[in-house]
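**Q** Coordinates in input.txt, compact mmCIF, C-alpha atoms and all ligand atoms, are listed below.
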```
# COMPACT_ATOMS: atom_id res chain seq x y z
CA MET A 1 12.61 -7.06 -23.33
CA PRO A 2 14.09 -9.28 -20.61
CA ARG A 3 11.48 -11.04 -18.51
CA LYS A 4 10.89 -9.58 -15.09
CA LYS A 5 12.03 -11.66 -12.17
CA VAL A 6 9.44 -12.97 -9.72
CA LEU A 7 10.17 -14.70 -6.42
CA ILE A 8 7.66 -17.43 -5.55
CA ILE A 9 7.57 -18.44 -1.89
CA HIS A 10 5.74 -21.72 -1.43
CA THR A 11 4.49 -21.99 2.15
CA GLY A 12 1.99 -24.81 1.80
CA GLY A 13 -1.74 -25.36 1.43
CA THR A 14 -3.78 -27.47 -0.94
CA LEU A 15 -2.11 -26.19 -4.13
CA GLY A 16 1.02 -28.29 -3.64
CA MET A 17 -0.60 -31.23 -1.89
CA LYS A 18 -0.51 -34.83 -3.06
CA MET A 19 -3.80 -36.34 -4.12
CA PRO A 20 -3.43 -40.11 -3.95
CA GLY A 21 -5.79 -41.85 -6.35
CA HIS A 22 -7.04 -38.50 -7.66
CA THR A 23 -9.73 -38.24 -5.00
CA ARG A 24 -10.09 -35.36 -2.57
CA ALA A 25 -10.48 -37.85 0.26
CA GLU A 26 -7.00 -37.55 1.79
CA LEU A 27 -4.70 -34.69 0.97
CA ALA A 28 -1.18 -34.40 2.36
CA PRO A 29 1.65 -31.87 2.11
CA ASN A 30 4.10 -32.57 -0.66
CA ILE A 31 7.22 -30.66 -1.57
CA GLU A 32 8.35 -31.37 -5.10
CA LEU A 33 9.05 -27.88 -6.32
CA ASP A 34 10.26 -28.93 -9.78
CA ARG A 35 6.99 -30.67 -10.41
CA LEU A 36 5.17 -27.56 -9.37
CA ILE A 37 6.89 -25.46 -12.02
CA ASN A 38 6.65 -28.23 -14.63
CA ARG A 39 2.91 -28.37 -14.25
CA VAL A 40 2.56 -24.65 -14.98
CA PRO A 41 5.01 -24.19 -17.88
CA GLU A 42 3.59 -20.75 -18.77
CA LEU A 43 5.11 -19.34 -15.58
CA GLU A 44 8.52 -19.26 -17.24
CA GLU A 45 7.00 -17.32 -20.16
CA ILE A 46 5.38 -14.74 -17.90
CA ALA A 47 8.46 -14.14 -15.75
CA ASP A 48 11.87 -15.37 -14.75
CA ILE A 49 10.93 -17.51 -11.76
CA GLU A 50 12.84 -18.23 -8.58
CA LEU A 51 11.01 -20.66 -6.33
CA ILE A 52 11.75 -21.30 -2.67
CA SER A 53 9.85 -23.17 0.02
CA PRO A 54 10.86 -22.19 3.56
CA TRP A 55 8.14 -24.45 5.02
CA ASN A 56 5.20 -26.44 3.80
CA ILE A 57 2.20 -26.46 6.11
CA ASP A 58 -1.56 -26.50 6.04
CA SER A 59 -2.54 -22.90 6.67
CA SER A 60 -4.77 -23.85 9.59
CA GLN A 61 -1.45 -24.44 11.43
CA VAL A 62 -0.12 -20.94 10.69
CA SER A 63 0.58 -18.73 13.73
CA PRO A 64 1.64 -15.09 14.17
CA ASN A 65 5.23 -16.38 14.46
CA ASP A 66 4.92 -17.66 10.88
CA TRP A 67 3.58 -14.27 9.72
CA GLN A 68 6.61 -12.62 11.27
CA ALA A 69 9.05 -15.10 9.68
CA LEU A 70 7.34 -14.64 6.32
CA ALA A 71 7.41 -10.85 6.56
CA LYS A 72 11.14 -10.99 7.35
CA LEU A 73 11.78 -13.33 4.43
CA ILE A 74 9.83 -11.12 2.00
CA SER A 75 11.54 -7.98 3.24
CA GLU A 76 15.09 -9.38 3.20
CA LYS A 77 15.17 -11.99 0.43
CA GLY A 78 12.64 -9.98 -1.60
CA CYS A 79 14.82 -6.83 -1.29
CA LEU A 80 11.84 -4.65 -0.37
CA GLY A 81 12.63 -0.96 -0.36
CA GLN A 82 15.85 -1.53 -2.36
CA LYS A 83 16.40 -0.20 -5.86
CA ASP A 84 18.68 -1.34 -8.70
CA ASP A 85 20.95 1.00 -10.74
CA ARG A 86 18.01 2.06 -12.91
CA GLY A 87 15.85 2.95 -9.92
CA ASN A 88 13.60 -0.12 -10.33
CA PRO A 89 12.80 -2.53 -7.46
CA LYS A 90 15.97 -4.53 -6.86
CA THR A 91 16.18 -8.13 -8.16
CA TYR A 92 12.46 -9.00 -8.15
CA ALA A 93 9.60 -7.12 -9.81
CA GLY A 94 7.26 -8.82 -7.37
CA ILE A 95 6.72 -11.61 -4.88
CA VAL A 96 4.15 -14.43 -5.01
CA ILE A 97 3.27 -16.41 -1.90
CA ILE A 98 1.62 -19.79 -2.32
CA HIS A 99 -0.45 -20.23 0.81
CA GLY A 100 -3.30 -22.37 2.07
CA THR A 101 -6.66 -20.75 1.53
CA ASP A 102 -7.99 -21.31 5.07
CA THR A 103 -6.02 -18.50 6.70
CA MET A 104 -4.73 -16.68 3.64
CA ALA A 105 -6.75 -13.54 4.42
CA TYR A 106 -5.22 -13.39 7.93
CA THR A 107 -1.70 -13.69 6.53
CA ALA A 108 -2.44 -11.10 3.84
CA SER A 109 -3.79 -8.68 6.46
CA ALA A 110 -0.88 -9.25 8.85
CA LEU A 111 1.62 -8.71 6.01
CA ALA A 112 -0.10 -5.47 5.02
CA PHE A 113 0.57 -4.07 8.51
CA MET A 114 4.09 -5.47 8.86
CA LEU A 115 5.22 -4.49 5.33
CA GLN A 116 3.82 -0.99 4.94
CA ASN A 117 4.02 0.89 1.65
CA PRO A 118 5.68 -1.96 -0.27
CA ASP A 119 7.54 -0.86 -3.40
CA ARG A 120 6.34 -3.84 -5.47
CA PRO A 121 3.44 -6.31 -5.62
CA ILE A 122 3.16 -8.97 -2.92
CA VAL A 123 0.61 -11.50 -4.15
CA LEU A 124 -0.92 -14.36 -2.18
CA THR A 125 -2.56 -17.22 -3.98
CA GLY A 126 -3.46 -20.87 -3.51
CA SER A 127 -6.13 -23.21 -4.74
CA GLN A 128 -9.15 -25.25 -3.73
CA ARG A 129 -7.91 -28.36 -5.57
CA PRO A 130 -4.29 -29.52 -5.76
CA LEU A 131 -2.28 -28.60 -8.81
CA GLU A 132 -1.92 -32.25 -9.73
CA ALA A 133 -5.67 -32.90 -9.65
CA TRP A 134 -7.92 -32.86 -12.69
CA ARG A 135 -9.95 -29.65 -13.09
CA SER A 136 -7.72 -27.90 -10.62
CA ASP A 137 -7.95 -24.14 -10.16
CA ALA A 138 -4.26 -24.06 -9.14
CA ARG A 139 -2.69 -23.56 -12.56
CA ALA A 140 -4.85 -20.56 -13.49
CA ASN A 141 -4.48 -18.99 -10.03
CA LEU A 142 -0.71 -19.34 -10.04
CA ALA A 143 -0.33 -17.94 -13.55
CA ALA A 144 -2.57 -14.97 -12.69
CA ALA A 145 -0.66 -14.35 -9.46
CA VAL A 146 2.68 -14.30 -11.28
CA GLU A 147 1.27 -11.98 -13.95
CA CYS A 148 0.04 -9.62 -11.22
CA ALA A 149 3.48 -9.76 -9.61
CA THR A 150 4.99 -8.28 -12.79
CA MET A 151 2.64 -5.27 -12.69
CA ASP A 152 3.12 -1.96 -10.95
CA VAL A 153 0.65 -2.62 -8.12
CA LYS A 154 2.36 -1.76 -4.86
CA GLU A 155 0.03 -3.64 -2.54
CA VAL A 156 -0.35 -6.88 -0.65
CA MET A 157 -2.99 -8.68 -2.72
CA VAL A 158 -4.98 -11.89 -2.82
CA VAL A 159 -5.31 -13.17 -6.38
CA PHE A 160 -7.80 -16.00 -6.59
CA GLY A 161 -10.40 -17.23 -9.09
CA ASP A 162 -11.59 -14.21 -11.03
CA SER A 163 -10.60 -11.62 -8.40
CA ILE A 164 -7.68 -9.40 -7.56
CA LEU A 165 -8.32 -8.15 -4.03
CA ARG A 166 -6.57 -5.93 -1.55
CA GLY A 167 -5.18 -8.43 0.97
CA CYS A 168 -6.31 -6.59 4.09
CA ARG A 169 -9.86 -6.32 2.68
CA SER A 170 -10.18 -9.95 1.65
CA THR A 171 -11.90 -12.82 3.38
CA LYS A 172 -12.42 -16.49 2.58
CA ALA A 173 -16.13 -16.59 1.89
CA ASP A 174 -16.61 -20.03 0.35
CA ALA A 175 -15.08 -23.34 1.44
CA ASN A 176 -15.64 -25.03 -1.94
CA SER A 177 -16.11 -22.55 -4.76
CA TYR A 178 -13.28 -21.58 -7.09
CA SER A 179 -14.27 -17.96 -6.37
CA ALA A 180 -13.46 -18.44 -2.70
CA PHE A 181 -12.41 -14.92 -1.73
CA LEU A 182 -14.43 -11.74 -1.48
CA SER A 183 -13.73 -8.23 -0.41
CA PRO A 184 -17.05 -7.30 1.20
CA GLU A 185 -16.45 -3.61 1.83
CA ALA A 186 -14.00 -2.64 -0.91
CA SER A 187 -14.27 -3.01 -4.65
CA PRO A 188 -11.78 -5.47 -6.17
CA LEU A 189 -8.49 -4.04 -7.40
CA GLY A 190 -9.02 -5.95 -10.60
CA GLU A 191 -10.67 -8.84 -12.39
CA ILE A 192 -9.43 -11.92 -14.16
CA GLY A 193 -11.41 -12.95 -17.22
CA THR A 194 -10.20 -13.23 -20.77
CA ASP A 195 -7.95 -10.34 -19.75
CA LEU A 196 -6.35 -9.56 -16.47
CA GLU A 197 -7.54 -6.05 -15.72
CA ILE A 198 -6.41 -3.78 -12.92
CA VAL A 199 -8.67 -0.90 -11.95
CA TRP A 200 -5.84 1.56 -11.47
CA ARG A 201 -7.88 4.23 -9.69
CA ARG A 202 -8.53 1.73 -6.84
CA VAL A 203 -4.88 0.88 -6.38
CA ARG A 204 -2.99 2.57 -3.57
CA ASN A 205 -0.15 4.78 -4.58
CA PRO A 206 1.81 5.33 -1.37
CA THR A 207 4.15 8.27 -1.30
CA MET A 208 5.76 7.14 1.94
CA GLU A 209 8.85 4.93 2.07
CA PHE A 210 8.57 1.20 2.63
CA GLY A 211 8.51 0.34 6.35
CA PHE A 212 9.19 -3.06 7.93
CA TYR A 213 7.38 -3.34 11.27
CA PRO A 214 7.35 -7.01 12.28
CA LYS A 215 6.34 -6.72 15.93
CA LEU A 216 3.04 -8.31 16.99
CA GLU A 217 1.32 -8.80 20.35
CA HIS A 218 -0.29 -12.25 20.25
CA ARG A 219 -2.45 -12.01 23.36
CA VAL A 220 -5.75 -10.94 21.85
CA LEU A 221 -9.10 -12.65 22.27
CA ASN A 222 -12.25 -12.66 20.18
CA LEU A 223 -15.78 -13.06 21.49
CA THR A 224 -18.56 -13.70 18.98
CA LEU A 225 -21.79 -12.84 20.76
CA PHE A 226 -25.01 -14.83 20.54
CA PRO A 227 -28.27 -14.40 22.43
CA GLY A 228 -27.81 -16.23 25.73
CA PHE A 229 -24.02 -15.88 26.05
CA ASN A 230 -23.13 -15.59 29.73
CA PRO A 231 -20.34 -12.99 30.08
CA LYS A 232 -19.55 -14.12 33.64
CA ILE A 233 -17.75 -17.15 32.19
CA LEU A 234 -15.29 -14.86 30.43
CA LYS A 235 -15.01 -12.40 33.33
CA GLN A 236 -14.12 -15.22 35.75
CA ASN A 237 -11.58 -16.49 33.31
CA VAL A 238 -9.92 -13.08 33.05
CA GLU A 239 -9.98 -12.66 36.85
CA ASN A 240 -8.24 -15.99 37.34
CA THR A 241 -5.52 -15.48 34.75
CA ASP A 242 -2.10 -14.28 35.80
CA ASP A 243 -0.67 -11.19 34.15
CA LYS A 244 1.69 -13.05 31.82
CA GLU A 245 -1.16 -14.92 30.14
CA LEU A 246 -3.74 -12.15 30.43
CA ILE A 247 -5.32 -10.87 27.23
CA ARG A 248 -4.11 -7.46 26.04
CA ALA A 249 -7.29 -6.72 24.06
CA LEU A 250 -10.78 -8.15 23.57
CA ILE A 251 -12.46 -8.00 20.18
CA ILE A 252 -16.23 -8.39 20.39
CA ARG A 253 -18.22 -9.41 17.34
CA GLY A 254 -21.48 -7.74 18.21
CA PHE A 255 -24.82 -7.68 16.43
CA GLY A 256 -25.59 -5.40 13.47
CA VAL A 257 -23.82 -2.07 13.77
CA GLY A 258 -22.14 -3.21 17.00
CA ASN A 259 -24.94 -3.81 19.49
CA ILE A 260 -24.67 -5.99 22.59
CA PRO A 261 -27.04 -7.18 25.36
CA LEU A 262 -27.15 -4.60 28.14
CA GLN A 263 -29.98 -5.83 30.35
CA GLY A 264 -30.26 -8.30 33.20
CA ASP A 265 -27.86 -11.11 34.03
CA LEU A 266 -26.65 -11.47 30.50
CA SER A 267 -25.53 -7.85 30.14
CA ILE A 268 -22.06 -7.63 28.63
CA PHE A 269 -21.54 -4.22 30.19
CA PRO A 270 -19.99 -5.33 33.54
CA LEU A 271 -17.40 -7.35 31.62
CA ILE A 272 -16.51 -4.33 29.51
CA GLU A 273 -16.35 -2.03 32.55
CA TYR A 274 -14.10 -4.55 34.30
CA LEU A 275 -11.74 -4.84 31.32
CA ARG A 276 -11.57 -1.08 30.86
CA LYS A 277 -10.70 -0.65 34.57
CA LYS A 278 -7.82 -3.04 33.97
CA HIS A 279 -6.82 -0.92 30.92
CA ILE A 280 -7.59 -3.77 28.52
CA PRO A 281 -8.90 -2.25 25.28
CA VAL A 282 -12.18 -3.51 23.83
CA ILE A 283 -12.78 -3.34 20.09
CA MET A 284 -16.24 -3.68 18.65
CA THR A 285 -16.82 -5.24 15.26
CA SER A 286 -19.89 -6.76 13.66
CA GLN A 287 -20.78 -10.33 12.87
CA CYS A 288 -22.51 -9.11 9.70
CA PHE A 289 -20.66 -9.95 6.52
CA ARG A 290 -21.20 -6.48 5.05
CA GLY A 291 -21.55 -2.97 6.44
CA HIS A 292 -19.78 -1.11 9.22
CA THR A 293 -20.11 -0.46 12.94
CA GLU A 294 -21.99 2.64 14.06
CA LEU A 295 -21.95 2.68 17.83
CA ALA A 296 -23.43 6.15 18.21
CA LEU A 297 -26.70 5.00 16.61
CA TYR A 298 -28.26 3.05 19.53
CA PRO A 299 -28.21 3.54 23.31
CA SER A 300 -26.16 0.35 23.87
CA GLY A 301 -23.49 1.54 21.48
CA ARG A 302 -23.39 5.01 23.06
CA GLN A 303 -22.75 3.40 26.45
CA LEU A 304 -19.85 1.51 24.89
CA LEU A 305 -18.38 4.67 23.42
CA ASP A 306 -18.53 6.25 26.89
CA GLN A 307 -16.42 3.33 28.14
CA GLY A 308 -13.81 3.97 25.44
CA VAL A 309 -14.76 0.98 23.27
CA ILE A 310 -13.05 1.23 19.89
CA GLU A 311 -15.00 0.84 16.64
CA ALA A 312 -13.62 -1.37 13.91
CA ARG A 313 -15.88 0.27 11.31
CA ASP A 314 -15.78 -1.59 7.99
CA MET A 315 -12.63 -3.62 8.49
CA THR A 316 -12.74 -7.35 7.85
CA PHE A 317 -12.49 -9.58 10.90
CA GLU A 318 -9.05 -10.73 9.70
CA SER A 319 -7.88 -7.13 9.57
CA VAL A 320 -9.32 -6.31 12.98
CA ILE A 321 -7.46 -9.22 14.58
CA THR A 322 -4.14 -8.52 12.88
CA LYS A 323 -4.31 -4.74 13.22
CA THR A 324 -5.01 -5.14 16.94
CA MET A 325 -1.99 -7.45 17.29
CA TRP A 326 0.14 -5.03 15.32
CA ALA A 327 -1.04 -1.85 17.07
CA LEU A 328 -0.62 -3.30 20.58
CA ALA A 329 3.01 -4.03 19.73
CA HIS A 330 3.51 -0.37 18.71
CA PRO A 331 2.62 1.56 21.87
CA GLU A 332 4.01 4.84 20.56
CA MET A 333 0.32 5.51 19.91
CA GLY A 334 -2.76 4.22 21.72
CA LEU A 335 -4.99 1.60 20.13
CA GLN A 336 -7.77 4.12 19.53
CA GLU A 337 -5.36 6.37 17.65
CA TRP A 338 -4.10 3.49 15.51
CA PHE A 339 -7.70 2.58 14.71
CA ASN A 340 -8.36 6.16 13.61
CA ILE A 341 -5.70 5.79 10.93
CA ASP A 342 -5.94 3.82 7.71
CA LEU A 343 -2.52 2.16 7.49
CA ALA A 344 -2.78 -0.05 4.43
CA GLY A 345 -6.19 0.56 2.89
CA GLU A 346 -7.85 -1.67 5.49
CA MET A 347 -10.77 0.68 6.15
CA THR A 348 -12.81 3.38 4.52
CA SER A 349 -12.15 6.88 5.77
CA TYR A 350 -15.49 8.38 6.73
N1 LIG A 401 -6.45 -26.62 4.53
C1 LIG A 401 -5.87 -25.98 3.37
C2 LIG A 401 -4.99 -24.85 3.86
O1 LIG A 401 -5.48 -23.80 4.17
C3 LIG A 401 -6.94 -25.49 2.46
C4 LIG A 401 -6.46 -24.88 1.18
O2 LIG A 401 -5.31 -24.59 0.96
O3 LIG A 401 -7.35 -24.63 0.33
O4 LIG A 401 -3.79 -25.03 3.96
```
Here is the file; what I need is its structure written in the form of structure tokens.
**A**
Amino acid sequence: MPRKKVLIIHTGGTLGMKMPGHTRAELAPNIELDRLINRVPELEEIADIELISPWNIDSSQVSPNDWQALAKLISEKGCLGQKDDRGNPKTYAGIVIIHGTDTMAYTASALAFMLQNPDRPIVLTGSQRPLEAWRSDARANLAAAVECATMDVKEVMVVFGDSILRGCRSTKADANSYSAFLSPEASPLGEIGTDLEIVWRRVRNPTMEFGFYPKLEHRVLNLTLFPGFNPKILKQNVENTDDKELIRALIIRGFGVGNIPLQGDLSIFPLIEYLRKKHIPVIMTSQCFRGHTELALYPSGRQLLDQGVIEARDMTFESVITKTMWALAHPEMGLQEWFNIDLAGEMTSY
């Protein structure tokens, strides 16, 4: 059996960084791709590897423009939606993206909306310690990611530590642990132990054709509430901003199931009323790590629903941000309607 071909796109992050003196004190981007492959010789046994590195940055520097460039690269170079003579995905069985861990879940979520119904696996991975460091998690993560990229999982995934997660359900939950990513509201798509096991019944099986939708509206703002936050600061800011710079949506991270202060000077309600009058959508999500919004439960939430506030339900924060950016750039439907639809497995249908 010929080995399947996997395209690895190295975009940066700790995995490929230099570690002078073998201490974690000062890491810096490094771009010796041959060394990368040489340090993980099993990659060439798992698949026929093609490695490219369009850029090499710390993922805290990644912007929506980079997501768009990456989506275009995956779609075009990765031949998404194209078949070979035998009806298999053309050229590559799957794509692996080496990415910094800090914003990997944002990139994974954005890709899930821009590359809908992919016809092959798109796997993001990285590491907490550089590949060249002792005890690094990079080698195992990379090997697992490439193995996943040879399987018939047609999803954007994060493969990290012992987990195989749906990308748009994943979040970086630990700054230091080798099990850095979790999927708080969706069971993992698989596990990595002595075997690499996919739970096939959890994997999406889209019947629709692959769609490349790279447009994004960047002008969204997030407000994480805390007791004592004075909403007038934000309202004044919005009032004094000219239309070009004005936000196109506000995402509020409320308390619990989506509650907000509604009494006295610190009521958030006038801010929401003001935004809604200006036709700026407001999306409510929760600052809790697990669970889902339920605005109809309490009086404050019911007032928000009356104002047309949109519920993010059980989506991760990363998915809420990127879905909002994506949906605003696709005005053929309103934001509320986009949030009613599960586009890439990002939310549970209730
Ligand atoms: N700062 C790094 C990045 O996100 C962290 C990592 O890759 O683990 O690029």
**Q** Quick one: everything within 9 Å of Trp338 (chain A), counting all atoms listed in the file, minus sequence neighbours fewer than 4 positions away in the same chain. Send it as a PyMOL selection string.
**A** chain A and resi 323-324+327+333-334+342-343
**Q** List all protein, DNA and RNA residues that have at least one atom no more than 6 Å from any atom of ligand LIG 401 (chain A), counting only C-alpha atoms and all ligand atoms, and write them as a compact mmCIF listing (two decimals) with C-alpha atoms, keeping the file's coordinate frame.
**A**
```txt
# COMPACT_ATOMS: atom_id res chain seq x y z
CA GLY A 13 -1.74 -25.36 1.43
CA THR A 14 -3.78 -27.47 -0.94
CA ASP A 58 -1.56 -26.50 6.04
CA SER A 59 -2.54 -22.90 6.67
CA SER A 60 -4.77 -23.85 9.59
CA GLY A 100 -3.30 -22.37 2.07
CA THR A 101 -6.66 -20.75 1.53
CA ASP A 102 -7.99 -21.31 5.07
CA THR A 103 -6.02 -18.50 6.70
CA SER A 127 -6.13 -23.21 -4.74
CA GLN A 128 -9.15 -25.25 -3.73
```
**Q** For the point (10.1, -14.7, -12.3) in file coordinates, what residues are within 9 Å, counting only C-alpha atoms? Give the answer as a list in words?
**A**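 Protein and nucleic acid residues near the point are Arg3, Lys4, Lys5, Val6, Leu7, Ile8, Leu43, Glu44, Glu45, Ile46, Ala47, Asp48, Ile49, Glu50, Leu51, Tyr92, Ala93, Gly94, Ile95, Val146, Ala149 and Thr150 of chain A.
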**Q** Ranking A:Glu209, A:Asp85, A:Asp66, A:Asp137 by minimum distance to Pro118 (chain A) and counting only C-alpha atoms, which one comes first?
**A**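 That would be A:Glu209, the residue with the smallest distance to Pro118 (chain A).
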**Q** Give the answer as one residue: which of A:Ala180, A:Ala329, A:Ala112, A:Leu73 has the shortest atom-to-atom distance to Met157 (chain A), using all atoms listed in the file?
**A**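 Under the stated criterion, the closest residue is A:Ala112.
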**Q** Rounded to one decimal, what separation in Å do you get between CA of Leu131 (chain A) and CA of Asp34 (chain A)?
**A**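 Between CA of Leu131 (chain A) and CA of Asp34 (chain A) the gap is 12.6 Å.
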**Q** Pick out the closest residue to Thr11 (chain A) from this set: A:Gln116, A:Ser349, A:Ser109, A:Thr125. Count all atoms listed in the file.
**A**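 Looking at the shortest contact to Thr11 (chain A), the residue is A:Thr125.
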**Q** Counting all atoms listed in the file, which residue out of A:Asn230, A:Asn222, A:Gln61, A:Thr107 sits closest to Asp265 (chain A)?
**A**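 Of A:Asn230, A:Asn222, A:Gln61, A:Thr107, the one nearest Asp265 (chain A) is A:Asn230, counting all atoms listed in the file.
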**Q** So which residues touch Ile97 (chain A) within 6 Å, counting only C-alpha atoms, skipping near sequence neighbours fewer than 4 positions away, as an NGL selection string?
**A** :A and (8-10 or 124)
**Q** Let's have the selection written as a PDB file, in the frame of the given file, with C-alpha atoms.
**A**
```
ATOM      1  CA  ILE A   8       7.660 -17.430  -5.550  1.00  0.00           C
ATOM      2  CA  ILE A   9       7.570 -18.440  -1.890  1.00  0.00           C
ATOM      3  CA  HIS A  10       5.740 -21.720  -1.430  1.00  0.00           C
ATOM      4  CA  LEU A 124      -0.920 -14.360  -2.180  1.00  0.00           C
TER       5      LEU A 124
END
```
**Q** Applying 10 Å and only C-alpha atoms, which residues near Arg290 (chain A) remain after dropping the ones on its own chain fewer than 4 positions away? List them as a list of chain:residue names.
**A**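 Listing them by chain and then by number gives A:Ser183, A:Pro184, A:Glu185, A:Gly256, A:Ser286, A:Asp314, A:Met315, A:Thr316.
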